[in-house]
Amino acid sequence: MPMYPCIPPRSSLTADRGLCYRLDIPMKAPEKYFDAVACLLEELRGAEMPTIEQAAEICATCIASGGLVFLFGNGHSRMMAEEMIPRQGCFVGFVALVETAISNHAAVVGSNGLRAPLFLERYEGYAEEILKGFRFGPHDAFIVISTSGIRPVVVEMAAGAKQRGMPVIGILSRQHCEHVGAAHSSGKKLIDFCDIVIDNHCPLGDCVLELDGLDWRTGPASTVAGAVIINMLRCSVAEKLLERNCKPEMLPSHQLPGNQRAAEQLERFYEVYRKSLRHLYE
């Protein structure tokens with residue numbers, strides 16, 4: 001049984017579908033990965049649109065009321081927070097909570113290696129210390145991103161946000177989160193504290209490609225799926241803000257040398273963003 005059965009085997013693809021593969025050549029690993037992810041995204045689109053719209057409604061209501069929507073993820077999930085903001089095409093109202101100690105592990109070993117962040121994300125009580133650094137407002141909301149949804153730091157981040165009265169949106173893999181044991185001593189998982197769950201449709205263990213000779217799958221899909229979810233959510237929030245006559249303050253492309261209009265908008269974005277954070281520190 002193929003992992004993603006909506007993609008037909010290469011031998012069934014024909015030229016009348018706009019494809020011109022040689023039918024006698026089996027798919028190579030990059031094509032298999034591409035097809036698996038393409039199918040995953042189709043599944044996501046078909047199943048998650050209503051949930052993404054619900055999440056966007058929460059975010060738009062918060063931002064239109066002067067609140068902020070925080071995004072938190074550790075490890076690779078923190079890339080989804082940064083995909084939302086700061087990013088060309090983003091707008092004021094979102095805040096990426098990227099904790100460097102659990103997000104900087106490119107060295108793998110030694111200083112800033114992988115061992116310490118993996119230890120910290122299992123350390124109970126750490127998320128609360130991060131949250132104590134802010135004074136959240138009555139119109140703020142929280143998005144927590146974690147494909148597994150089981151590490152103590154993400155569980156406690158969601159729990160802490162709920163305790164502070166914020167609606168919590170989770171982006172995770174239901175297949176993984178619901179089919180593995182809890183890592184937190186309470187037995188709770190991220191999914192237990194979410195008002196809305198957006199399923200990224202990634203399989204158990206994230207990776208989608210099996211290759212003969214490899215003991216473990218390769219080809220993780222959560223970064224691709226997560227980035228698509230974040231941008232679908234962003235676009236929906238922008239649309240809903242405009243429906244409220246609340247025009248978002250945009251971050252334009254700053255890769256346009258000599259474009260004075262873009263340069264001026266960039267300065268406006270900085271200033272409006274700075275002012276949007278005032279209640280966090282008062």
# chains A, B, ... in the order shown; residues from 1 in each chain; ligands from 1
>>> closest_atom_pairs(of="range 86-106 of chain A", to="range 42-62 of chain A", cutoff="12 Å", atoms="only C-alpha atoms", output="Markdown table")
| residue | atom | partner | partner_atom | distance |
| --- | --- | --- | --- | --- |
| A:Phe91 | CA | A:Ala60 | CA | 11.6 |
| A:Val92 | CA | A:Ala60 | CA | 11.3 |
| A:Gly93 | CA | A:Cys62 | CA | 8.3 |
| A:Phe94 | CA | A:Cys59 | CA | 8.8 |
| A:Val95 | CA | A:Cys59 | CA | 11.7 |
>>> select_by_dssp(residues="range 4-191 of chain A", states="alpha helix (DSSP H)", output="ChimeraX atom specification")
/A:29-64,78-84,115-120,126-131,152-163,174-177
>>> closest_residue(among="A:Val144, A:Ile150, A:Ala106, A:Leu97", to="Arg122 in chain A", atoms="only C-alpha atoms")
A:Ile150
>>> residues_around(residues="Pro86 in chain A", least_positions_apart="6", cutoff="12 Å", atoms="only C-alpha atoms", output="compact mmCIF listing (two decimals) with N, CA and C atoms, in the first residue's frame")
# COMPACT_ATOMS: atom_id res chain seq x y z
N LEU A 71 3.65 33.30 18.02
CA LEU A 71 3.95 32.00 17.46
C LEU A 71 5.18 31.43 18.14
N MET A 79 11.10 27.64 12.59
CA MET A 79 11.12 28.24 11.25
C MET A 79 9.73 28.68 10.82
N MET A 80 8.69 28.02 11.34
CA MET A 80 7.33 28.41 11.00
C MET A 80 6.99 29.75 11.64
N VAL A 92 1.99 43.72 10.64
CA VAL A 92 2.00 43.92 12.09
C VAL A 92 0.84 43.16 12.72
N GLY A 93 1.11 42.55 13.87
CA GLY A 93 0.08 41.82 14.59
C GLY A 93 0.56 40.45 15.03
N PHE A 94 1.62 39.95 14.40
CA PHE A 94 2.20 38.67 14.76
C PHE A 94 3.54 38.88 15.44
N VAL A 95 3.87 37.99 16.38
CA VAL A 95 5.15 38.06 17.09
C VAL A 95 5.74 36.65 17.12
N ALA A 96 6.95 36.51 16.61
CA ALA A 96 7.64 35.22 16.65
C ALA A 96 8.41 35.10 17.96
N LEU A 97 8.03 34.13 18.77
CA LEU A 97 8.77 33.85 20.01
C LEU A 97 9.79 32.76 19.69
N VAL A 98 10.98 33.16 19.36
CA VAL A 98 12.04 32.22 19.01
C VAL A 98 13.07 32.23 20.13
N MET A 250 2.00 46.52 6.24
CA MET A 250 2.78 45.47 5.59
C MET A 250 4.29 45.70 5.64
N LEU A 251 5.00 44.57 5.64
CA LEU A 251 6.44 44.58 5.41
C LEU A 251 6.65 44.31 3.93
N PRO A 252 7.11 45.31 3.17
CA PRO A 252 7.28 45.12 1.73
C PRO A 252 8.60 44.42 1.42
N SER A 253 8.76 44.05 0.19
CA SER A 253 10.07 43.55 -0.24
C SER A 253 11.08 44.67 -0.09
N HIS A 254 12.19 44.36 0.57
CA HIS A 254 13.25 45.35 0.72
C HIS A 254 14.40 45.03 -0.22
N LEU A 266 8.78 50.39 4.62
CA LEU A 266 9.57 49.62 5.57
C LEU A 266 9.72 50.38 6.88
N PHE A 269 6.47 50.25 8.76
CA PHE A 269 6.30 48.93 9.37
C PHE A 269 7.07 48.85 10.69
N TYR A 270 8.32 49.29 10.68
CA TYR A 270 9.12 49.26 11.91
C TYR A 270 8.43 50.02 13.04
N TYR A 273 5.09 48.39 14.18
CA TYR A 273 5.40 47.14 14.90
C TYR A 273 5.90 47.46 16.31
>>> closest_residue(among="A:Ala141, A:Val224, A:Val237, A:Leu242", to="Leu40 in chain A", atoms="only C-alpha atoms")
A:Val224
>>> residues_around(residues="Thr100 in chain A", least_positions_apart="5", cutoff="12 Å", atoms="only C-alpha atoms", output="short mmCIF file (atom, residue, chain, number, x, y, z; two decimals) with N, CA and C atoms, in the first residue's frame")
data_model
loop_
_atom_site.label_atom_id
_atom_site.label_comp_id
_atom_site.auth_asym_id
_atom_site.auth_seq_id
_atom_site.Cartn_x
_atom_site.Cartn_y
_atom_site.Cartn_z
N PHE A 72 5.06 30.19 18.60
CA PHE A 72 6.19 29.54 19.25
C PHE A 72 6.41 28.16 18.67
N GLY A 73 7.66 27.87 18.41
CA GLY A 73 8.06 26.52 18.03
C GLY A 73 9.54 26.38 18.39
N ASN A 74 9.95 25.19 18.77
CA ASN A 74 11.36 24.99 19.06
C ASN A 74 11.94 24.05 18.01
N GLY A 75 13.26 24.00 17.94
CA GLY A 75 13.88 23.18 16.91
C GLY A 75 13.51 23.71 15.53
N HIS A 76 13.26 22.79 14.60
CA HIS A 76 12.91 23.21 13.25
C HIS A 76 11.55 23.90 13.19
N ARG A 78 10.57 26.26 14.86
CA ARG A 78 10.71 27.70 15.01
C ARG A 78 10.77 28.39 13.64
N MET A 79 11.10 27.64 12.59
CA MET A 79 11.12 28.24 11.25
C MET A 79 9.73 28.68 10.82
N HIS A 105 20.98 24.97 16.75
CA HIS A 105 21.66 23.69 16.94
C HIS A 105 22.41 23.25 15.69
N ALA A 106 22.76 24.19 14.84
CA ALA A 106 23.37 23.85 13.56
C ALA A 106 24.74 23.20 13.70
N ASN A 112 26.74 25.06 21.03
CA ASN A 112 25.56 25.29 20.19
C ASN A 112 25.21 24.05 19.38
N GLY A 113 25.47 22.88 19.94
CA GLY A 113 25.13 21.63 19.29
C GLY A 113 23.71 21.21 19.57
N ALA A 116 22.12 19.97 23.91
CA ALA A 116 21.55 20.88 24.90
C ALA A 116 20.12 21.30 24.56
N PRO A 117 19.82 21.71 23.32
CA PRO A 117 18.43 22.03 23.00
C PRO A 117 17.47 20.86 23.20
N LEU A 120 16.83 20.71 26.87
CA LEU A 120 16.00 21.81 27.37
C LEU A 120 14.54 21.66 26.98
N GLU A 121 14.27 21.15 25.79
CA GLU A 121 12.86 21.03 25.38
C GLU A 121 12.13 19.95 26.17
N ILE A 130 9.94 31.47 30.10
CA ILE A 130 9.87 32.30 28.89
C ILE A 130 8.64 33.20 28.95
#
>>> select_by_dssp(residues="range 48-107 of chain A", states="strand (DSSP E)", output="PDB file with C-alpha atoms, in the first residue's frame")
ATOM      1  CA  VAL A  69      -0.740  36.708  17.897  1.00  0.00           C
ATOM      2  CA  PHE A  70       2.340  34.921  19.228  1.00  0.00           C
ATOM      3  CA  LEU A  71       3.948  31.999  17.459  1.00  0.00           C
ATOM      4  CA  PHE A  72       6.185  29.540  19.251  1.00  0.00           C
ATOM      5  CA  PHE A  94       2.196  38.668  14.757  1.00  0.00           C
ATOM      6  CA  VAL A  95       5.147  38.055  17.089  1.00  0.00           C
ATOM      7  CA  ALA A  96       7.642  35.221  16.648  1.00  0.00           C
ATOM      8  CA  LEU A  97       8.768  33.845  20.008  1.00  0.00           C
TER       9      LEU A  97
END
>>> closest_residue(among="A:Glu239, A:Pro220, A:Gly125, A:Ala161", to="Ser185 in chain A", atoms="only C-alpha atoms")
A:Gly125
>>> closest_residue(among="A:Glu249, A:Leu211, A:Lys132, A:His279", to="Glu267 in chain A", atoms="only C-alpha atoms")
A:Glu249
>>> closest_residue(among="A:Arg244, A:Cys194, A:Pro203, A:Gly258", to="Thr218 in chain A", atoms="only C-alpha atoms")
A:Pro203
>>> atom_distance(atom1="CA of His201 in chain A", atom2="CA of Ser173 in chain A")
5.6 Å
>>> residues_around(residues="Gly219 in chain A", least_positions_apart="3", cutoff="9 Å", atoms="only C-alpha atoms", output="ChimeraX atom specification")
/A:33,206-210
>>> atom_distance(atom1="CA of Glu83 in chain A", atom2="CA of Ala182 in chain A")
27.8 Å
>>> atom_distance(atom1="CA of Cys202 in chain A", atom2="CA of Ile230 in chain A")
15.1 Å
>>> closest_residue(among="A:Ala262, A:Ile145, A:Ile229, A:Leu204", to="Arg217 in chain A", atoms="only C-alpha atoms")
A:Leu204
>>> decode(residues="range 147-240 of chain A", atoms="C-alpha atoms", output="tab-separated table (two decimals), in the first residue's frame")
chain	number	residue	atom	x	y	z
A	147	THR	CA	4.81	18.16	14.59
A	148	SER	CA	5.03	15.64	17.45
A	149	GLY	CA	3.13	17.80	19.94
A	150	ILE	CA	4.58	15.93	22.91
A	151	ARG	CA	7.70	17.74	24.17
A	152	PRO	CA	7.24	19.38	27.59
A	153	VAL	CA	8.27	22.83	26.35
A	154	VAL	CA	5.46	23.00	23.77
A	155	VAL	CA	2.93	21.37	26.10
A	156	GLU	CA	3.69	23.88	28.84
A	157	MET	CA	3.79	26.81	26.41
A	158	ALA	CA	0.24	26.00	25.35
A	159	ALA	CA	-0.86	25.39	28.93
A	160	GLY	CA	0.68	28.68	30.07
A	161	ALA	CA	-1.03	30.59	27.28
A	162	LYS	CA	-4.38	29.03	28.23
A	163	GLN	CA	-3.85	29.90	31.89
A	164	ARG	CA	-3.33	33.51	30.82
A	165	GLY	CA	-6.66	33.53	29.01
A	166	MET	CA	-5.37	33.35	25.44
A	167	PRO	CA	-6.93	31.20	22.75
A	168	VAL	CA	-4.43	28.56	21.59
A	169	ILE	CA	-4.02	27.30	18.05
A	170	GLY	CA	-1.89	24.21	17.51
A	171	ILE	CA	-0.17	23.18	14.30
A	172	LEU	CA	0.83	19.53	14.59
A	173	SER	CA	0.59	16.06	13.12
A	174	ARG	CA	-2.46	14.32	14.53
A	175	GLN	CA	-1.10	10.98	13.38
A	176	HIS	CA	2.05	11.46	15.43
A	177	CYS	CA	0.60	13.27	18.43
A	178	GLU	CA	-2.32	10.88	18.92
A	179	HIS	CA	-0.35	7.67	18.44
A	180	VAL	CA	2.68	8.13	20.66
A	181	GLY	CA	2.94	8.39	24.43
A	182	ALA	CA	3.13	11.70	26.27
A	183	ALA	CA	6.58	13.01	27.19
A	184	HIS	CA	5.26	15.35	29.92
A	185	SER	CA	4.88	13.97	33.45
A	186	SER	CA	1.23	15.08	33.48
A	187	GLY	CA	0.43	12.78	30.59
A	188	LYS	CA	-0.75	15.80	28.59
A	189	LYS	CA	0.13	16.70	25.01
A	190	LEU	CA	-0.09	19.90	22.99
A	191	ILE	CA	-3.40	18.79	21.53
A	192	ASP	CA	-4.96	18.80	25.03
A	193	PHE	CA	-4.58	22.57	25.39
A	194	CYS	CA	-5.57	23.73	21.90
A	195	ASP	CA	-8.83	25.46	21.05
A	196	ILE	CA	-8.12	24.75	17.38
A	197	VAL	CA	-5.82	22.13	15.87
A	198	ILE	CA	-4.49	22.43	12.34
A	199	ASP	CA	-3.23	19.04	11.21
A	200	ASN	CA	-0.15	19.19	8.97
A	201	HIS	CA	-0.94	15.65	7.75
A	202	CYS	CA	2.61	14.46	8.22
A	203	PRO	CA	3.10	10.78	9.03
A	204	LEU	CA	4.43	9.30	12.23
A	205	GLY	CA	8.08	10.33	12.39
A	206	ASP	CA	7.59	13.11	9.79
A	207	CYS	CA	9.58	11.49	6.95
A	208	VAL	CA	7.74	10.26	3.86
A	209	LEU	CA	10.30	8.30	1.85
A	210	GLU	CA	11.49	4.74	2.31
A	211	LEU	CA	14.58	3.64	0.41
A	212	ASP	CA	15.95	0.13	0.14
A	213	GLY	CA	19.07	-0.05	2.27
A	214	LEU	CA	18.07	2.70	4.72
A	215	ASP	CA	16.93	1.60	8.16
A	216	TRP	CA	14.96	4.81	8.70
A	217	ARG	CA	12.82	6.93	6.41
A	218	THR	CA	14.16	10.17	4.93
A	219	GLY	CA	12.45	13.19	3.39
A	220	PRO	CA	10.74	15.06	6.25
A	221	ALA	CA	7.59	16.89	5.16
A	222	SER	CA	6.67	19.10	8.11
A	223	THR	CA	8.71	22.11	7.00
A	224	VAL	CA	6.98	22.22	3.61
A	225	ALA	CA	3.53	21.55	5.08
A	226	GLY	CA	4.09	23.99	7.94
A	227	ALA	CA	5.18	26.82	5.64
A	228	VAL	CA	2.11	26.29	3.47
A	229	ILE	CA	-0.18	26.34	6.51
A	230	ILE	CA	1.44	29.51	7.83
A	231	ASN	CA	1.02	31.31	4.52
A	232	MET	CA	-2.56	30.12	4.07
A	233	LEU	CA	-3.28	31.41	7.56
A	234	ARG	CA	-1.53	34.72	6.92
A	235	CYS	CA	-3.45	35.30	3.69
A	236	SER	CA	-6.76	34.47	5.34
A	237	VAL	CA	-6.05	36.82	8.24
A	238	ALA	CA	-5.20	39.64	5.83
A	239	GLU	CA	-8.45	39.04	3.97
A	240	LYS	CA	-10.49	39.07	7.16
